[in-house]
Amino acid sequence: KESGCKWFPYNKGGAFRKWYGNNDYVVNWENDGQELKKFKNAVLRNPTYYFRPSITWSKISSGNIAFRYKPIGHIFDVAGTSIFCADKEKLVYILGLNNSKIILNILKAISPTLNYEVGHIASLPIIEDRLNIVNNLVNVNILLSQSDWDSFETSWDFKKHPLLAYSIQSGAAFG
């Protein structure tokens, strides 16, 4: 409400993509969602968690599950479910753990369908080990994935195509 903005990033799941991305939608949340709250069929779940950093995944997946980092400022729904943690270091660690092959195999065993429900994810074991090493690798993966996401014109943070940027920086000429 304090921002005075009308449109905010809306996490609605999306295609398979690890670490970062699927920032495709916005929602009218002007005046703390005043218009949505008036809509009789609107279901707003856990709005106290809106805009917090999170890990998200697409609830329905035809293949492997992928977890992504969402920085401050996103609203989520049931199709783009989310994990929250007060400690950002632990949040980053959980992202790395959840994107591991071990967790993928556990999830295939406990959810052999196309749906990955909140209960499935909440039941996963978390063993903190080598937090700094894991977090460094995860942060690199987030940055690489974000750079890749932002290299497409559909990204809100698109500046210029990386091949064009490279060719200009290298002094290459095209004609």
# chains A, B, ... in the order shown; residues from 1 in each chain; ligands from 1
>>> residues_around(residues="segment 76-89 of chain A", least_positions_apart="5", cutoff="8 Å", atoms="only C-alpha atoms", output="mmCIF file with N, CA and C atoms, in the first residue's frame")
data_model
loop_
_atom_site.group_PDB
_atom_site.id
_atom_site.type_symbol
_atom_site.label_atom_id
_atom_site.label_comp_id
_atom_site.auth_asym_id
_atom_site.auth_seq_id
_atom_site.Cartn_x
_atom_site.Cartn_y
_atom_site.Cartn_z
ATOM 1 N N TYR A 10 3.155 -11.577 -9.853
ATOM 2 C CA TYR A 10 2.231 -12.622 -9.417
ATOM 3 C C TYR A 10 2.794 -13.977 -9.785
ATOM 4 N N ASN A 11 3.071 -14.790 -8.801
ATOM 5 C CA ASN A 11 3.663 -16.106 -9.003
ATOM 6 C C ASN A 11 2.569 -17.134 -9.223
ATOM 7 N N LYS A 12 2.526 -17.653 -10.436
ATOM 8 C CA LYS A 12 1.458 -18.569 -10.829
ATOM 9 C C LYS A 12 2.021 -19.892 -11.349
ATOM 10 N N GLY A 13 3.207 -20.256 -10.921
ATOM 11 C CA GLY A 13 3.791 -21.521 -11.381
ATOM 12 C C GLY A 13 4.525 -21.328 -12.692
ATOM 13 N N GLY A 14 4.192 -22.133 -13.679
ATOM 14 C CA GLY A 14 4.812 -21.998 -14.991
ATOM 15 C C GLY A 14 5.590 -23.223 -15.410
ATOM 16 N N LEU A 44 -8.083 -15.395 -1.283
ATOM 17 C CA LEU A 44 -6.762 -14.877 -0.939
ATOM 18 C C LEU A 44 -6.233 -15.681 0.242
ATOM 19 N N ARG A 45 -5.200 -16.467 -0.025
ATOM 20 C CA ARG A 45 -4.633 -17.323 1.016
ATOM 21 C C ARG A 45 -3.353 -16.715 1.572
ATOM 22 N N TYR A 49 1.887 -13.315 4.067
ATOM 23 C CA TYR A 49 3.147 -13.789 3.486
ATOM 24 C C TYR A 49 3.429 -13.176 2.118
ATOM 25 N N TYR A 50 2.488 -12.423 1.565
ATOM 26 C CA TYR A 50 2.713 -11.777 0.276
ATOM 27 C C TYR A 50 3.936 -10.865 0.381
ATOM 28 N N ARG A 52 7.054 -11.476 0.564
ATOM 29 C CA ARG A 52 8.246 -11.979 1.262
ATOM 30 C C ARG A 52 9.095 -12.808 0.295
ATOM 31 N N PRO A 53 10.419 -12.835 0.510
ATOM 32 C CA PRO A 53 11.256 -13.725 -0.300
ATOM 33 C C PRO A 53 10.793 -15.170 -0.106
ATOM 34 N N SER A 54 10.865 -15.956 -1.157
ATOM 35 C CA SER A 54 10.357 -17.321 -1.053
ATOM 36 C C SER A 54 11.019 -18.244 -2.064
ATOM 37 N N ILE A 55 10.710 -19.509 -1.901
ATOM 38 C CA ILE A 55 11.025 -20.541 -2.886
ATOM 39 C C ILE A 55 9.679 -20.964 -3.450
ATOM 40 N N THR A 56 9.603 -21.135 -4.741
ATOM 41 C CA THR A 56 8.338 -21.522 -5.358
ATOM 42 C C THR A 56 8.539 -22.693 -6.300
ATOM 43 N N TRP A 57 7.465 -23.373 -6.593
ATOM 44 C CA TRP A 57 7.460 -24.447 -7.580
ATOM 45 C C TRP A 57 6.083 -24.485 -8.207
ATOM 46 N N SER A 58 6.003 -25.106 -9.351
ATOM 47 C CA SER A 58 4.717 -25.260 -10.024
ATOM 48 C C SER A 58 4.035 -26.491 -9.446
ATOM 49 N N LYS A 59 2.819 -26.320 -8.986
ATOM 50 C CA LYS A 59 2.090 -27.398 -8.333
ATOM 51 C C LYS A 59 1.902 -28.597 -9.263
ATOM 52 N N ILE A 60 1.675 -28.320 -10.537
ATOM 53 C CA ILE A 60 1.465 -29.387 -11.514
ATOM 54 C C ILE A 60 2.669 -29.440 -12.437
ATOM 55 N N VAL A 118 1.672 -28.944 -1.266
ATOM 56 C CA VAL A 118 2.405 -28.348 -0.147
ATOM 57 C C VAL A 118 2.780 -29.417 0.876
ATOM 58 N N ASN A 135 25.207 -22.847 -0.079
ATOM 59 C CA ASN A 135 24.647 -21.527 -0.377
ATOM 60 C C ASN A 135 25.442 -20.784 -1.437
#
>>> residues_around(residues="Asn141 of chain A", least_positions_apart="6", cutoff="9 Å", atoms="only C-alpha atoms", output="PyMOL selection string")
chain A and resi 18-20
>>> write_last_selection(atoms="C-alpha atoms", output="short mmCIF file (atom, residue, chain, number, x, y, z; two decimals), in the first residue's frame")
data_model
loop_
_atom_site.label_atom_id
_atom_site.label_comp_id
_atom_site.auth_asym_id
_atom_site.auth_seq_id
_atom_site.Cartn_x
_atom_site.Cartn_y
_atom_site.Cartn_z
CA LYS A 18 15.15 -24.14 -11.81
CA TRP A 19 16.67 -21.44 -9.61
CA TYR A 20 14.98 -18.27 -10.97
#
>>> residues_around(residues="Asp129 of chain A", least_positions_apart="2", cutoff="12 Å", atoms="only C-alpha atoms", output="number ranges by chain")
A: 90, 93-94, 96-97, 126-127, 131-135
>>> select_by_dssp(residues="segment 70-149 of chain A", states="helix (DSSP H, G or I)", output="PyMOL selection string")
chain A and resi 78-80+88-98+101-110+118-122+131-149
>>> closest_residue(among="A:Phe8, A:Tyr69, A:Phe158, A:Tyr116", to="Gly21 of chain A", atoms="only C-alpha atoms")
A:Tyr69
>>> select_by_dssp(residues="segment 2-78 of chain A", states="strand (DSSP E or B)", output="list in words")
Trp7, Phe8, Pro9, Tyr10, Asn11, Trp19, Tyr25, Val26, Val27, Asn28, Ser54, Ile55, Thr56, Trp57, Ile60, Phe67, Arg68, Tyr69, Lys70, Ile75 and Phe76 of chain A
